[in-house]
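Undergrad: One structure, pasted below without further comment.
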Amino acid sequence: MDDNNRALYDKIAYVNYLIGSFDGSVPPYSFQLRNSAEAIKVNRRCGWSALVCGISMLGMKLFRWDLFSVSGIILAALCFICAIFSFIYSACMEKAVIAEVDGDNITIKGRTYNCGEIDCIKGSAMNGLKIVSAGRDIVKFSKALDNCGELIKWARCNHIKIDDDPDADPKKAQNIYMITAVIVMILAVFIGLYLGLKGR
């Protein structure tokens with residue numbers, strides 16, 4: 001496990017600790033929920049990996065002078081598209097403010113809610129949480145966000161119910177991500193082989 005993933009696990013574990021421990025410490029008067037630098041680096045690294053993969057595949061096609069192999073061009077193009085998407089998404093992650101707390105109020109997606117308007121904070125899939133107001137989810141976010149622990153403290157101080165399993169394993173989501181990535185890679189290889197054999 002690299003340093004970035006370890007830092008993300010530590011953030012999730014700390015939030016789980018706060019949810020289960022009923023920590024009585026007071027949060028800052030104002031703070032923002034933002035994507036952590038570690039999460040941005042992990043996402044950007046995926047973009048670089050896709051870019052290198054695309055360049056390698058295109059390079060092999062050029063080296064073999066096999067410029068008309070549709071399968072190779074398609075797979076290389078998909079890698080480039082994934083890389084561009086990852087870089088754009090990483091830039092958006094850096095700028096995004098998920099929520100902003102100021103005293104008793106929290107601003108989400110441009111709307112300000114008083115703490116009395118928040119029904120609860122509920123657990124969500126993949127080590128996530130969601131804020132519920134008037135019976136509907138107003139935002140979903142990861143426990144690995146910067147200041148997510150401060151949000152839990154803020155909810156406790158304002159008597160907002162927190163409905164989540166603090167014993168959830170942070171590694172479970174990572175295992176799901178890895179299984180999904182492996183399945184996608186295997187499918188890509190099979191599609192490439194099929195298109196390559198079909199084009200002969």
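Residue numbering restarts at 1 for every chain of the structure tokens, chains are lettered A, B, ... in their displayed order, and ligands are numbered from 1 as they appear.
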Please provide as a PyMOL selection string all residues within 12 Å of Asp3 in chain A, with the sequence filter that same-chain residues fewer than 6 positions apart are discarded (counting only C-alpha atoms).
TA: chain A and resi 9-10+37-39+41-42
Undergrad: Output as JSON lines one row per residue of range 131-150 of chain A within 10 Å of range 11-14 of chain A: the closest atom pair and its distance in Å to one decimal place, counting only C-alpha atoms, sorted by chain and residue number ascending.
TA:
```
{"residue": "A:Ser142", "atom": "CA", "partner": "A:Ile12", "partner_atom": "CA", "distance": 8.3}
{"residue": "A:Lys143", "atom": "CA", "partner": "A:Ile12", "partner_atom": "CA", "distance": 5.2}
{"residue": "A:Ala144", "atom": "CA", "partner": "A:Ile12", "partner_atom": "CA", "distance": 5.2}
{"residue": "A:Leu145", "atom": "CA", "partner": "A:Lys11", "partner_atom": "CA", "distance": 7.7}
{"residue": "A:Asp146", "atom": "CA", "partner": "A:Lys11", "partner_atom": "CA", "distance": 8.1}
{"residue": "A:Asn147", "atom": "CA", "partner": "A:Lys11", "partner_atom": "CA", "distance": 9.2}
{"residue": "A:Cys148", "atom": "CA", "partner": "A:Lys11", "partner_atom": "CA", "distance": 8.3}
{"residue": "A:Gly149", "atom": "CA", "partner": "A:Tyr14", "partner_atom": "CA", "distance": 7.1}
```
Undergrad: Output all heavy atoms for every residue in that selection, as a short mmCIF file (atom, residue, chain, number, x, y, z; two decimals), in the first residue's frame.
TA:
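And here is the file that came out, part_28.cif:
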```cif
data_model
loop_
_atom_site.label_atom_id
_atom_site.label_comp_id
_atom_site.auth_asym_id
_atom_site.auth_seq_id
_atom_site.Cartn_x
_atom_site.Cartn_y
_atom_site.Cartn_z
N SER A 142 -17.29 11.23 0.43
CA SER A 142 -16.42 10.21 1.00
C SER A 142 -15.97 10.59 2.41
O SER A 142 -15.79 11.77 2.72
CB SER A 142 -15.19 10.02 0.11
OG SER A 142 -14.21 9.24 0.76
N LYS A 143 -15.76 9.59 3.24
CA LYS A 143 -15.20 9.84 4.57
C LYS A 143 -13.75 10.30 4.50
O LYS A 143 -13.20 10.77 5.49
CB LYS A 143 -15.27 8.56 5.41
CG LYS A 143 -16.67 8.13 5.79
CD LYS A 143 -16.64 6.83 6.58
CE LYS A 143 -18.04 6.35 6.91
NZ LYS A 143 -18.02 5.04 7.61
N ALA A 144 -13.13 10.16 3.33
CA ALA A 144 -11.73 10.56 3.17
C ALA A 144 -11.57 12.05 2.86
O ALA A 144 -10.45 12.52 2.66
CB ALA A 144 -11.08 9.73 2.07
N LEU A 145 -12.68 12.80 2.82
CA LEU A 145 -12.58 14.24 2.56
C LEU A 145 -11.84 14.93 3.70
O LEU A 145 -11.92 14.52 4.87
CB LEU A 145 -13.97 14.87 2.45
CG LEU A 145 -14.82 14.57 1.22
CD1 LEU A 145 -16.13 15.31 1.32
CD2 LEU A 145 -14.10 14.93 -0.06
N ASP A 146 -11.14 16.01 3.36
CA ASP A 146 -10.56 16.86 4.39
C ASP A 146 -11.68 17.46 5.24
O ASP A 146 -12.68 17.93 4.69
CB ASP A 146 -9.73 17.98 3.76
CG ASP A 146 -8.38 17.50 3.24
OD1 ASP A 146 -7.96 16.39 3.62
OD2 ASP A 146 -7.76 18.23 2.44
N ASN A 147 -11.51 17.42 6.55
CA ASN A 147 -12.46 17.97 7.54
C ASN A 147 -13.75 17.17 7.69
O ASN A 147 -14.70 17.66 8.30
CB ASN A 147 -12.80 19.44 7.23
CG ASN A 147 -11.63 20.36 7.44
OD1 ASN A 147 -10.85 20.17 8.38
ND2 ASN A 147 -11.46 21.33 6.57
N CYS A 148 -13.77 15.93 7.19
CA CYS A 148 -14.96 15.10 7.40
C CYS A 148 -15.13 14.81 8.90
O CYS A 148 -16.25 14.77 9.40
CB CYS A 148 -14.85 13.80 6.60
SG CYS A 148 -16.37 12.84 6.59
N GLY A 149 -14.02 14.64 9.59
CA GLY A 149 -14.09 14.43 11.04
C GLY A 149 -14.68 15.63 11.76
O GLY A 149 -15.46 15.49 12.72
#
```
Undergrad: So that I can check the surroundings of Cys157 in chain A, please list as a list in words every protein, DNA and RNA residue that reaches within 8 Å of it, counting only C-alpha atoms and ignoring chain neighbours fewer than 4 positions away.
TA: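 Returned residues: Gly24, Val26 and Lys153 of chain A.
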Undergrad: Please provide the set of residues having any atom within 10 Å of range 30-36 of chain A, restricted to only C-alpha atoms, with same-chain residues fewer than 3 positions apart removed, written as a PyMOL selection string.
TA: chain A and resi 4+7-8+11+27+39-41+90+92-108+141-151+154
Undergrad: Take the residues just selected and output them with C-alpha atoms as a PDB file, in the first residue's frame.
TA:
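As written to disk, out.pdb reads:
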```
ATOM      1  CA  ASN A   4      -1.500   8.122  -0.505  1.00  0.00           C
ATOM      2  CA  ALA A   7      -3.391   8.356   4.256  1.00  0.00           C
ATOM      3  CA  LEU A   8      -6.888   7.862   2.824  1.00  0.00           C
ATOM      4  CA  LYS A  11      -8.770   9.512   7.299  1.00  0.00           C
ATOM      5  CA  PRO A  27     -15.119  21.639  15.830  1.00  0.00           C
ATOM      6  CA  ALA A  39      -7.374  11.420  -3.312  1.00  0.00           C
ATOM      7  CA  ILE A  40      -6.451  13.888  -6.060  1.00  0.00           C
ATOM      8  CA  LYS A  41      -2.998  12.294  -6.422  1.00  0.00           C
ATOM      9  CA  SER A  90      -8.623  15.825 -10.840  1.00  0.00           C
ATOM     10  CA  CYS A  92     -12.367  19.741 -10.735  1.00  0.00           C
ATOM     11  CA  MET A  93     -11.673  17.863  -7.488  1.00  0.00           C
ATOM     12  CA  GLU A  94      -9.067  20.463  -6.496  1.00  0.00           C
ATOM     13  CA  LYS A  95     -11.521  23.340  -6.934  1.00  0.00           C
ATOM     14  CA  ALA A  96     -14.646  21.683  -5.526  1.00  0.00           C
ATOM     15  CA  VAL A  97     -16.042  22.639  -2.111  1.00  0.00           C
ATOM     16  CA  ILE A  98     -18.424  19.852  -1.064  1.00  0.00           C
ATOM     17  CA  ALA A  99     -19.847  21.729   1.922  1.00  0.00           C
ATOM     18  CA  GLU A 100     -19.020  24.806   3.980  1.00  0.00           C
ATOM     19  CA  VAL A 101     -19.862  25.106   7.658  1.00  0.00           C
ATOM     20  CA  ASP A 102     -20.240  28.494   9.322  1.00  0.00           C
ATOM     21  CA  GLY A 103     -21.471  28.313  12.890  1.00  0.00           C
ATOM     22  CA  ASP A 104     -24.879  26.619  12.973  1.00  0.00           C
ATOM     23  CA  ASN A 105     -25.250  26.736   9.191  1.00  0.00           C
ATOM     24  CA  ILE A 106     -23.974  24.504   6.406  1.00  0.00           C
ATOM     25  CA  THR A 107     -23.896  25.508   2.733  1.00  0.00           C
ATOM     26  CA  ILE A 108     -24.238  22.748   0.144  1.00  0.00           C
ATOM     27  CA  PHE A 141     -19.355  12.351  -0.074  1.00  0.00           C
ATOM     28  CA  SER A 142     -16.425  10.206   1.004  1.00  0.00           C
ATOM     29  CA  LYS A 143     -15.204   9.838   4.574  1.00  0.00           C
ATOM     30  CA  ALA A 144     -11.731  10.562   3.168  1.00  0.00           C
ATOM     31  CA  LEU A 145     -12.578  14.240   2.565  1.00  0.00           C
ATOM     32  CA  ASP A 146     -10.557  16.857   4.395  1.00  0.00           C
ATOM     33  CA  ASN A 147     -12.456  17.969   7.541  1.00  0.00           C
ATOM     34  CA  CYS A 148     -14.960  15.104   7.403  1.00  0.00           C
ATOM     35  CA  GLY A 149     -14.091  14.432  11.041  1.00  0.00           C
ATOM     36  CA  GLU A 150     -14.904  18.054  11.885  1.00  0.00           C
ATOM     37  CA  LEU A 151     -18.316  17.577  10.247  1.00  0.00           C
ATOM     38  CA  TRP A 154     -20.291  19.561  14.255  1.00  0.00           C
TER      39      TRP A 154
END
```
Undergrad: Which one is closest to Ala155 in chain A: A:Leu51, A:Cys115, A:Val15, A:Leu129? Count only C-alpha atoms.
TA: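 Looking only at the distances to Ala155 in chain A, the closest residue turns out to be A:Cys115.
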Undergrad: So that I can check the surroundings of Asp23 in chain A, please list as a PDB file with C-alpha atoms, in the first residue's frame every protein, DNA and RNA residue that reaches within 9 Å of it, counting only C-alpha atoms and ignoring chain neighbours fewer than 5 positions away.
TA:
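Below is the file out_5.pdb, written as the result:
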```pdb
ATOM      1  CA  TYR A  17     -13.559   6.355  15.262  1.00  0.00           C
ATOM      2  CA  LEU A  18     -15.393   9.658  15.776  1.00  0.00           C
ATOM      3  CA  LYS A 153     -18.053  16.746  15.564  1.00  0.00           C
ATOM      4  CA  ARG A 156     -22.696  15.843  17.442  1.00  0.00           C
TER       5      ARG A 156
END
```
Undergrad: So how many Å separate CA of Ala134 in chain A and CA of Asp165 in chain A, to one decimal?
TA: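 Atom-to-atom, CA of Ala134 in chain A to CA of Asp165 in chain A, that is 22.4 Å.
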